[in-house]
file start25.tsv (TSV, C-alpha atoms)
chain	number	residue	atom	x	y	z
K	16	MET	CA	195.21	166.62	160.62
K	17	GLN	CA	194.10	169.16	163.16
K	18	THR	CA	195.38	169.50	166.71
K	19	HIS	CA	193.37	171.24	169.42
K	20	SER	CA	193.84	172.04	173.08
K	21	PHE	CA	190.98	172.48	175.53
K	22	GLU	CA	191.97	174.87	178.30
K	23	LEU	CA	189.33	173.46	180.65
K	24	PHE	CA	190.99	170.02	180.47
K	25	PRO	CA	194.78	170.62	180.38
K	26	ASP	CA	195.56	167.26	181.98
K	27	ARG	CA	194.24	165.42	178.90
K	28	GLY	CA	196.82	166.96	176.60
K	29	LEU	CA	196.26	167.77	172.94
K	30	ILE	CA	193.40	166.40	170.86
K	31	HIS	CA	194.31	165.16	167.37
K	32	ILE	CA	191.77	164.78	164.56
K	33	PHE	CA	192.46	162.91	161.30
K	34	LEU	CA	190.41	162.30	158.16
K	35	PHE	CA	190.99	159.26	155.94
K	36	SER	CA	189.38	158.64	152.55
K	37	GLU	CA	189.21	155.56	150.31
K	38	VAL	CA	189.48	153.30	153.36
K	39	LYS	CA	189.50	149.62	152.43
K	40	ASN	CA	189.66	147.85	155.81
K	41	SER	CA	186.78	149.36	157.80
K	42	SER	CA	185.27	145.92	158.36
K	43	GLU	CA	188.47	144.69	160.00
K	44	LEU	CA	188.78	147.85	162.11
K	45	ARG	CA	185.17	147.59	163.28
K	46	LYS	CA	185.64	143.94	164.23
K	47	ARG	CA	188.68	144.87	166.31
K	48	LEU	CA	186.80	147.73	167.96
K	49	LEU	CA	183.95	145.41	168.91
K	50	SER	CA	186.45	143.02	170.48
K	51	HIS	CA	187.88	145.95	172.52
K	52	ASP	CA	191.31	145.75	170.90
K	53	THR	CA	193.42	148.12	173.02
K	54	GLU	CA	195.63	148.99	170.05
K	55	LEU	CA	192.66	150.89	168.62
K	56	SER	CA	192.44	153.43	171.44
K	57	TYR	CA	190.85	156.05	169.21
K	58	ALA	CA	187.40	157.37	168.39
K	59	PHE	CA	186.53	156.04	164.92
K	60	ILE	CA	183.76	158.06	163.28
K	61	ASN	CA	181.92	157.73	160.00
K	62	ALA	CA	182.72	160.93	158.09
K	63	ARG	CA	179.08	161.80	157.50
K	64	ILE	CA	179.08	164.95	159.59
K	65	LEU	CA	178.84	168.50	158.34
K	66	ASP	CA	181.66	170.32	160.10
K	67	VAL	CA	184.61	169.84	162.45
K	68	PHE	CA	182.78	172.08	164.92
K	69	GLN	CA	180.42	169.17	165.64
K	70	LEU	CA	183.45	167.14	166.67
K	71	LEU	CA	184.71	169.90	168.96
K	72	ILE	CA	181.39	169.95	170.80
K	73	ALA	CA	181.33	166.16	171.12
K	74	ILE	CA	184.94	166.03	172.32
K	75	ASN	CA	184.41	168.81	174.84
K	76	CYS	CA	181.37	167.09	176.32
K	77	ALA	CA	183.17	163.74	176.46
K	78	LEU	CA	186.08	165.32	178.34
K	79	HIS	CA	183.65	166.99	180.72
K	80	ASN	CA	181.79	163.73	181.39
K	81	GLU	CA	185.07	161.92	181.99
K	82	LYS	CA	186.23	164.58	184.45
K	83	CYS	CA	182.92	164.37	186.30
K	84	SER	CA	182.96	160.53	186.26
K	85	ILE	CA	179.64	160.44	184.42
K	86	LEU	CA	180.60	158.74	181.15
K	87	LYS	CA	177.53	157.23	179.49
K	88	THR	CA	179.60	154.76	177.48
K	89	ARG	CA	182.57	152.45	177.95
K	90	ASN	CA	185.36	155.02	177.54
K	91	ILE	CA	186.32	158.48	176.28
K	92	ASN	CA	186.47	157.29	172.67
K	93	SER	CA	182.98	155.83	172.48
K	94	GLU	CA	181.75	158.86	174.45
K	95	ILE	CA	182.94	161.16	171.66
K	96	VAL	CA	181.00	159.12	169.10
K	97	TYR	CA	177.93	159.05	171.36
K	98	ASN	CA	177.99	162.83	171.85
K	99	LEU	CA	177.67	163.44	168.11
K	100	SER	CA	174.11	162.17	168.35
K	101	PRO	CA	171.22	164.54	169.13
K	102	ASN	CA	169.51	161.92	171.31
K	103	THR	CA	170.42	159.72	174.28
K	104	ASN	CA	170.04	156.30	172.62
K	105	ILE	CA	173.58	154.91	172.94
K	106	ASN	CA	173.22	151.99	170.54
K	107	GLU	CA	171.67	154.18	167.87
K	108	ALA	CA	174.37	156.82	168.31
K	109	LEU	CA	177.21	154.32	167.96
K	110	ARG	CA	175.54	152.69	164.96
K	111	ARG	CA	174.88	155.96	163.15
K	112	PHE	CA	178.09	157.83	163.90
K	113	GLY	CA	180.60	155.04	164.41
K	114	ILE	CA	182.21	153.29	161.47
K	115	SER	CA	180.44	150.48	159.65
K	116	ASP	CA	181.81	147.58	157.61
K	117	ASP	CA	181.45	149.58	154.40
K	118	SER	CA	182.70	152.98	155.62
K	119	THR	CA	185.12	154.43	153.08
K	120	ASN	CA	185.68	157.84	154.68
K	121	ILE	CA	186.43	157.95	158.39
K	122	ILE	CA	187.44	160.45	161.04
K	123	VAL	CA	189.80	159.39	163.82
K	124	VAL	CA	190.15	161.31	167.09
K	125	LYS	CA	192.95	160.71	169.58
K	126	VAL	CA	192.93	162.20	173.08
K	127	GLY	CA	196.51	162.91	174.15
K	128	GLY	CA	199.74	161.66	172.66
K	129	GLU	CA	202.30	163.01	170.21
K	130	ALA	CA	201.03	163.92	166.75
K	131	ASN	CA	203.75	162.30	164.62
K	132	GLU	CA	203.65	159.04	166.57
K	133	ILE	CA	199.87	158.90	166.30
K	134	LYS	CA	199.96	159.65	162.58
K	135	SER	CA	202.52	156.90	162.00
K	136	HIS	CA	200.46	154.41	163.98
K	137	LEU	CA	197.24	155.26	162.16
K	138	THR	CA	198.97	154.97	158.80
K	139	SER	CA	199.94	151.41	159.72
K	140	LEU	CA	196.40	150.59	160.90
K	141	ILE	CA	194.25	152.17	158.20
K	142	GLN	CA	194.35	151.15	154.56
K	143	GLY	CA	193.38	154.53	153.18
K	144	THR	CA	194.57	158.01	152.30
K	145	GLU	CA	194.94	160.76	154.88
K	146	THR	CA	193.01	163.79	153.68
K	147	SER	CA	192.76	167.40	154.82
K	148	LEU	CA	189.81	168.06	157.11
K	149	GLU	CA	189.01	170.99	154.86
K	150	ASN	CA	187.51	168.34	152.56
K	151	LEU	CA	185.18	166.97	155.23
K	152	PHE	CA	182.03	168.56	153.83
K	153	LYS	CA	182.27	166.79	150.49
K	154	PHE	CA	182.23	163.39	152.21
K	155	GLY	CA	179.03	164.07	154.13
K	156	ASP	CA	175.64	162.87	152.94
K	157	LEU	CA	173.42	165.91	153.42
K	158	GLY	CA	170.25	163.82	153.22
K	159	ILE	CA	171.39	161.51	156.02
K	160	ILE	CA	172.68	164.45	158.07
K	161	LYS	CA	169.28	166.14	157.82
K	162	LYS	CA	167.53	162.91	158.78
K	163	TYR	CA	169.70	162.27	161.84
K	164	TYR	CA	169.34	165.82	163.15
K	165	ARG	CA	165.73	166.27	162.01
K	166	VAL	CA	166.47	169.20	159.75
K	167	ASP	CA	163.64	170.23	157.43
K	168	ASN	CA	164.39	169.24	153.83
K	169	LYS	CA	163.53	172.79	152.78
K	170	VAL	CA	166.58	174.09	154.66
K	171	ASN	CA	169.60	174.07	152.34
K	172	ASP	CA	171.88	176.80	153.67
K	173	VAL	CA	174.90	175.06	155.21
K	174	LYS	CA	175.34	177.60	158.02
K	175	GLU	CA	171.69	177.32	158.95
K	176	ILE	CA	171.89	173.52	158.94
K	177	LEU	CA	174.98	173.65	161.15
K	178	ASN	CA	173.22	175.96	163.61
K	179	ILE	CA	170.29	173.53	163.81
K	180	ILE	CA	172.67	170.61	164.37
K	181	VAL	CA	174.55	172.43	167.13
K	182	GLY	CA	171.25	173.40	168.73
K	183	SER	CA	170.11	169.76	168.70
K	184	MET	CA	173.33	168.65	170.35
K	185	ALA	CA	173.04	171.44	172.92
K	186	VAL	CA	169.53	170.36	173.92
K	187	LYS	CA	170.81	166.84	174.61
K	188	ILE	CA	173.72	168.24	176.64
K	189	GLU	CA	171.39	170.43	178.69
K	190	ILE	CA	169.09	167.49	179.48
K	191	THR	CA	171.92	165.19	180.56
K	192	ALA	CA	173.49	167.99	182.60
K	193	ASP	CA	170.35	168.57	184.67
K	194	PRO	CA	171.12	167.57	188.29
K	195	ILE	CA	167.46	166.68	188.83
K	196	SER	CA	167.43	164.10	186.02
K	197	ASN	CA	171.03	163.11	186.73
K	198	PRO	CA	171.64	162.95	190.52
K	199	LEU	CA	175.34	162.19	189.98
K	200	LEU	CA	175.84	165.79	188.96
K	201	ALA	CA	174.12	167.13	192.05
K	202	SER	CA	176.39	165.16	194.37
K	203	GLY	CA	179.63	165.08	192.40
K	204	GLY	CA	180.73	168.67	192.99
K	205	CYS	CA	181.29	169.13	189.25
K	206	SER	CA	180.14	172.40	187.71
K	207	VAL	CA	177.54	172.05	184.97
K	208	TYR	CA	177.14	175.76	184.35
K	209	PHE	CA	178.81	175.78	180.95
K	210	LYS	CA	176.68	172.83	179.83
K	211	LYS	CA	173.43	174.44	180.90
K	212	THR	CA	174.31	177.67	179.15
K	213	LEU	CA	175.79	176.09	176.02
K	214	SER	CA	172.69	176.57	173.92
K	215	LYS	CA	172.36	180.24	174.92
K	216	LEU	CA	176.05	180.87	174.28
K	217	ILE	CA	175.80	179.33	170.83
K	218	ASP	CA	172.80	181.48	169.90
K	219	LYS	CA	174.41	184.62	171.31
K	220	VAL	CA	177.82	184.24	169.66
K	221	VAL	CA	176.50	183.07	166.30
K	222	LYS	CA	174.14	186.05	166.26
K	223	GLU	CA	176.82	188.56	167.23
K	224	PHE	CA	179.84	187.17	165.39
K	225	GLY	CA	178.56	184.66	162.85
K	226	ASP	CA	181.81	182.72	163.14
K	227	LYS	CA	181.81	179.17	164.47
K	228	MET	CA	185.50	179.22	165.42
K	229	ILE	CA	185.01	182.39	167.46
K	230	LEU	CA	182.12	180.53	169.04
K	231	ALA	CA	184.36	177.58	169.79
K	232	SER	CA	187.01	179.73	171.45
K	233	ILE	CA	184.47	181.50	173.67
K	234	THR	CA	182.35	178.49	174.57
K	235	PHE	CA	185.11	175.97	175.14
K	236	GLY	CA	188.23	178.03	175.86
K	237	LEU	CA	189.65	176.44	172.74
K	238	ASN	CA	193.04	177.00	171.15
K	239	ARG	CA	193.42	175.66	167.61
K	240	SER	CA	196.41	174.77	165.48
K	241	THR	CA	196.35	172.98	162.16
K	242	ALA	CA	198.90	170.81	160.43
K	243	GLY	CA	198.42	169.22	157.04

call {"tool": "encode", "arguments": {"input": "start25.tsv", "output": "structure tokens"}}
result
Amino acid sequence: MQTHSFELFPDRGLIHIFLFSEVKNSSELRKRLLSHDTELSYAFINARILDVFQLLIAINCALHNEKCSILKTRNINSEIVYNLSPNTNINEALRRFGISDDSTNIIVVKVGGEANEIKSHLTSLIQGTETSLENLFKFGDLGIIKKYYRVDNKVNDVKEILNIIVGSMAVKIEITADPISNPLLASGGCSVYFKKTLSKLIDKVVKEFGDKMILASITFGLNRSTAG
């Protein structure tokens, strides 16, 4: 489990991220999610992503959209899943990055709440084994990841792939943050500066520091603590 705080959104409390492997009841969980079961007030994600940093970007953008009242999806949880996608097709994003009936490795994100209570609840919901997020990379399918983010098959360096992924996500964020294409932003009094400059900040910090967690702290005002 990892717990994060986003200084730009203190009213939303801590963000908790869990990884479960060998999950046996994904089909049941997905069915309950589709029926809008309020007990499953979490973001359920297929663990086919490259790095936790992708999650931090998606979570940050979801919190921003919620604060600005410009959610593209039903709620904060589906918005996190949607923001993992490099394009604006909601159905495709939820299908690709949400859990499927046969998902065996899943990520669960909870906005707010107390860590031990959340962990206990998830343990009762999910028939699987909680696993350290340090193991996330080994659960990802690099071929599918490259396909989803349109990464050239010739690119095999993990850091380079991650930079391409983050760049793809940033382009989507910049487009949806444009007040011309999205009039709600122009009239809502909500600053979009950090969204418009996200891509430039990523390039600048990666070039200067080469450390994605330094990048996270600068771009998102992020404090990170890890347990388990």

call {"tool": "atom_distance", "arguments": {"input": "start25.tsv", "atom1": "atom CA of Ile64 of chain K", "atom2": "atom CA of Leu86 of chain K"}}
result
22.5 Å

call {"tool": "closest_residue", "arguments": {"input": "start25.tsv", "among": "K:Ala62, K:Leu49, K:Ile74, K:Met184", "to": "Arg89 of chain K", "atoms": "only C-alpha atoms"}}
result
K:Leu49

call {"tool": "residues_near_point", "arguments": {"input": "start25.tsv", "point": "(184.2, 154.0, 170.8)", "cutoff": "6 Å", "atoms": "all atoms listed in the file", "output": "MDAnalysis selection string"}}
result
chainID K and resid 58 92:93

call {"tool": "write_last_selection", "arguments": {"input": "start25.tsv", "atoms": "C-alpha atoms", "output": "mmCIF file, in the frame of the given file"}}
result
data_model
loop_
_atom_site.group_PDB
_atom_site.id
_atom_site.type_symbol
_atom_site.label_atom_id
_atom_site.label_comp_id
_atom_site.auth_asym_id
_atom_site.auth_seq_id
_atom_site.Cartn_x
_atom_site.Cartn_y
_atom_site.Cartn_z
ATOM 1 C CA ALA K 58 187.400 157.370 168.390
ATOM 2 C CA ASN K 92 186.470 157.290 172.670
ATOM 3 C CA SER K 93 182.980 155.830 172.480
#

call {"tool": "residues_around", "arguments": {"input": "start25.tsv", "residues": "Val166 of chain K", "least_positions_apart": "2", "cutoff": "12 Å", "atoms": "only C-alpha atoms", "output": "number ranges by chain"}}
result
K: 101, 157-164, 168-173, 175-183

call {"tool": "atom_distance", "arguments": {"input": "start25.tsv", "atom1": "atom CA of Lys46 of chain K", "atom2": "atom CA of Ile91 of chain K"}}
result
18.9 Å

call {"tool": "residues_around", "arguments": {"input": "start25.tsv", "residues": "Arg63 of chain K", "least_positions_apart": "2", "cutoff": "7 Å", "atoms": "all atoms listed in the file", "output": "list in words"}}
result
Asn61, Leu65, Phe154, Gly155, Asp156 and Ile160 of chain K

call {"tool": "residues_around", "arguments": {"input": "start25.tsv", "residues": "Ala130 of chain K", "least_positions_apart": "6", "cutoff": "10 Å", "atoms": "only C-alpha atoms", "output": "list in words"}}
result
Met16, Gln17, Thr18, Leu29, Ile30, His31, Ile32, His136 and Ala242 of chain K

call {"tool": "atom_distance", "arguments": {"input": "start25.tsv", "atom1": "atom CA of Asp167 of chain K", "atom2": "atom CA of Gln69 of chain K"}}
result
18.7 Å

call {"tool": "closest_residue", "arguments": {"input": "start25.tsv", "among": "K:Val126, K:Ile60, K:Leu71, K:Leu137", "to": "Leu109 of chain K", "atoms": "all atoms listed in the file"}}
result
K:Ile60

call {"tool": "closest_residue", "arguments": {"input": "start25.tsv", "among": "K:Arg110, K:His79, K:Lys125, K:Lys87", "to": "His19 of chain K", "atoms": "all atoms listed in the file"}}
result
K:Lys125

call {"tool": "residues_near_point", "arguments": {"input": "start25.tsv", "point": "(193.9, 169.2, 180.7)", "cutoff": "12 Å", "atoms": "all atoms listed in the file", "output": "mmCIF file with C-alpha atoms, in the coordinates of the input"}}
result
data_model
loop_
_atom_site.group_PDB
_atom_site.id
_atom_site.type_symbol
_atom_site.label_atom_id
_atom_site.label_comp_id
_atom_site.auth_asym_id
_atom_site.auth_seq_id
_atom_site.Cartn_x
_atom_site.Cartn_y
_atom_site.Cartn_z
ATOM 1 C CA HIS K 19 193.370 171.240 169.420
ATOM 2 C CA SER K 20 193.840 172.040 173.080
ATOM 3 C CA PHE K 21 190.980 172.480 175.530
ATOM 4 C CA GLU K 22 191.970 174.870 178.300
ATOM 5 C CA LEU K 23 189.330 173.460 180.650
ATOM 6 C CA PHE K 24 190.990 170.020 180.470
ATOM 7 C CA PRO K 25 194.780 170.620 180.380
ATOM 8 C CA ASP K 26 195.560 167.260 181.980
ATOM 9 C CA ARG K 27 194.240 165.420 178.900
ATOM 10 C CA GLY K 28 196.820 166.960 176.600
ATOM 11 C CA LEU K 29 196.260 167.770 172.940
ATOM 12 C CA ILE K 30 193.400 166.400 170.860
ATOM 13 C CA ASN K 75 184.410 168.810 174.840
ATOM 14 C CA LEU K 78 186.080 165.320 178.340
ATOM 15 C CA HIS K 79 183.650 166.990 180.720
ATOM 16 C CA GLU K 81 185.070 161.920 181.990
ATOM 17 C CA LYS K 82 186.230 164.580 184.450
ATOM 18 C CA VAL K 126 192.930 162.200 173.080
ATOM 19 C CA GLY K 127 196.510 162.910 174.150
ATOM 20 C CA GLY K 236 188.230 178.030 175.860
ATOM 21 C CA LEU K 237 189.650 176.440 172.740
#

call {"tool": "build_atoms", "arguments": {"input": "start25.tsv", "residues": "segment 69-82 of chain K", "atoms": "N, CA, C and O atoms", "output": "PDB file, in the frame of the given file"}}
result
ATOM      1  N   GLN K  69     181.196 170.215 164.961  1.00  0.00           N
ATOM      2  CA  GLN K  69     180.420 169.170 165.640  1.00  0.00           C
ATOM      3  C   GLN K  69     181.336 168.293 166.480  1.00  0.00           C
ATOM      4  O   GLN K  69     180.986 167.910 167.604  1.00  0.00           O
ATOM      5  N   LEU K  70     182.488 167.968 165.944  1.00  0.00           N
ATOM      6  CA  LEU K  70     183.450 167.140 166.670  1.00  0.00           C
ATOM      7  C   LEU K  70     183.937 167.845 167.932  1.00  0.00           C
ATOM      8  O   LEU K  70     184.085 167.226 168.989  1.00  0.00           O
ATOM      9  N   LEU K  71     184.200 169.147 167.814  1.00  0.00           N
ATOM     10  CA  LEU K  71     184.710 169.900 168.960  1.00  0.00           C
ATOM     11  C   LEU K  71     183.700 169.896 170.107  1.00  0.00           C
ATOM     12  O   LEU K  71     184.070 169.778 171.281  1.00  0.00           O
ATOM     13  N   ILE K  72     182.424 170.013 169.771  1.00  0.00           N
ATOM     14  CA  ILE K  72     181.390 169.950 170.800  1.00  0.00           C
ATOM     15  C   ILE K  72     181.375 168.569 171.444  1.00  0.00           C
ATOM     16  O   ILE K  72     181.356 168.433 172.674  1.00  0.00           O
ATOM     17  N   ALA K  73     181.384 167.530 170.607  1.00  0.00           N
ATOM     18  CA  ALA K  73     181.330 166.160 171.120  1.00  0.00           C
ATOM     19  C   ALA K  73     182.535 165.836 171.989  1.00  0.00           C
ATOM     20  O   ALA K  73     182.413 165.200 173.043  1.00  0.00           O
ATOM     21  N   ILE K  74     183.715 166.275 171.560  1.00  0.00           N
ATOM     22  CA  ILE K  74     184.940 166.030 172.320  1.00  0.00           C
ATOM     23  C   ILE K  74     184.890 166.758 173.657  1.00  0.00           C
ATOM     24  O   ILE K  74     185.217 166.200 174.711  1.00  0.00           O
ATOM     25  N   ASN K  75     184.486 168.020 173.617  1.00  0.00           N
ATOM     26  CA  ASN K  75     184.410 168.810 174.840  1.00  0.00           C
ATOM     27  C   ASN K  75     183.485 168.156 175.867  1.00  0.00           C
ATOM     28  O   ASN K  75     183.817 168.039 177.048  1.00  0.00           O
ATOM     29  N   CYS K  76     182.333 167.705 175.403  1.00  0.00           N
ATOM     30  CA  CYS K  76     181.370 167.090 176.320  1.00  0.00           C
ATOM     31  C   CYS K  76     181.890 165.760 176.859  1.00  0.00           C
ATOM     32  O   CYS K  76     181.667 165.426 178.028  1.00  0.00           O
ATOM     33  N   ALA K  77     182.592 165.007 176.008  1.00  0.00           N
ATOM     34  CA  ALA K  77     183.170 163.740 176.460  1.00  0.00           C
ATOM     35  C   ALA K  77     184.224 163.982 177.540  1.00  0.00           C
ATOM     36  O   ALA K  77     184.276 163.267 178.552  1.00  0.00           O
ATOM     37  N   LEU K  78     185.064 164.987 177.343  1.00  0.00           N
ATOM     38  CA  LEU K  78     186.080 165.320 178.340  1.00  0.00           C
ATOM     39  C   LEU K  78     185.436 165.760 179.652  1.00  0.00           C
ATOM     40  O   LEU K  78     185.889 165.402 180.743  1.00  0.00           O
ATOM     41  N   HIS K  79     184.370 166.536 179.534  1.00  0.00           N
ATOM     42  CA  HIS K  79     183.650 166.990 180.720  1.00  0.00           C
ATOM     43  C   HIS K  79     183.051 165.809 181.479  1.00  0.00           C
ATOM     44  O   HIS K  79     183.176 165.705 182.703  1.00  0.00           O
ATOM     45  N   ASN K  80     182.405 164.892 180.748  1.00  0.00           N
ATOM     46  CA  ASN K  80     181.790 163.730 181.390  1.00  0.00           C
ATOM     47  C   ASN K  80     182.833 162.841 182.055  1.00  0.00           C
ATOM     48  O   ASN K  80     182.603 162.289 183.136  1.00  0.00           O
ATOM     49  N   GLU K  81     183.988 162.721 181.400  1.00  0.00           N
ATOM     50  CA  GLU K  81     185.070 161.920 181.990  1.00  0.00           C
ATOM     51  C   GLU K  81     185.552 162.558 183.287  1.00  0.00           C
ATOM     52  O   GLU K  81     185.738 161.870 184.301  1.00  0.00           O
ATOM     53  N   LYS K  82     185.746 163.869 183.261  1.00  0.00           N
ATOM     54  CA  LYS K  82     186.230 164.580 184.450  1.00  0.00           C
ATOM     55  C   LYS K  82     185.241 164.449 185.604  1.00  0.00           C
ATOM     56  O   LYS K  82     185.637 164.348 186.774  1.00  0.00           O
TER      57      LYS K  82
END
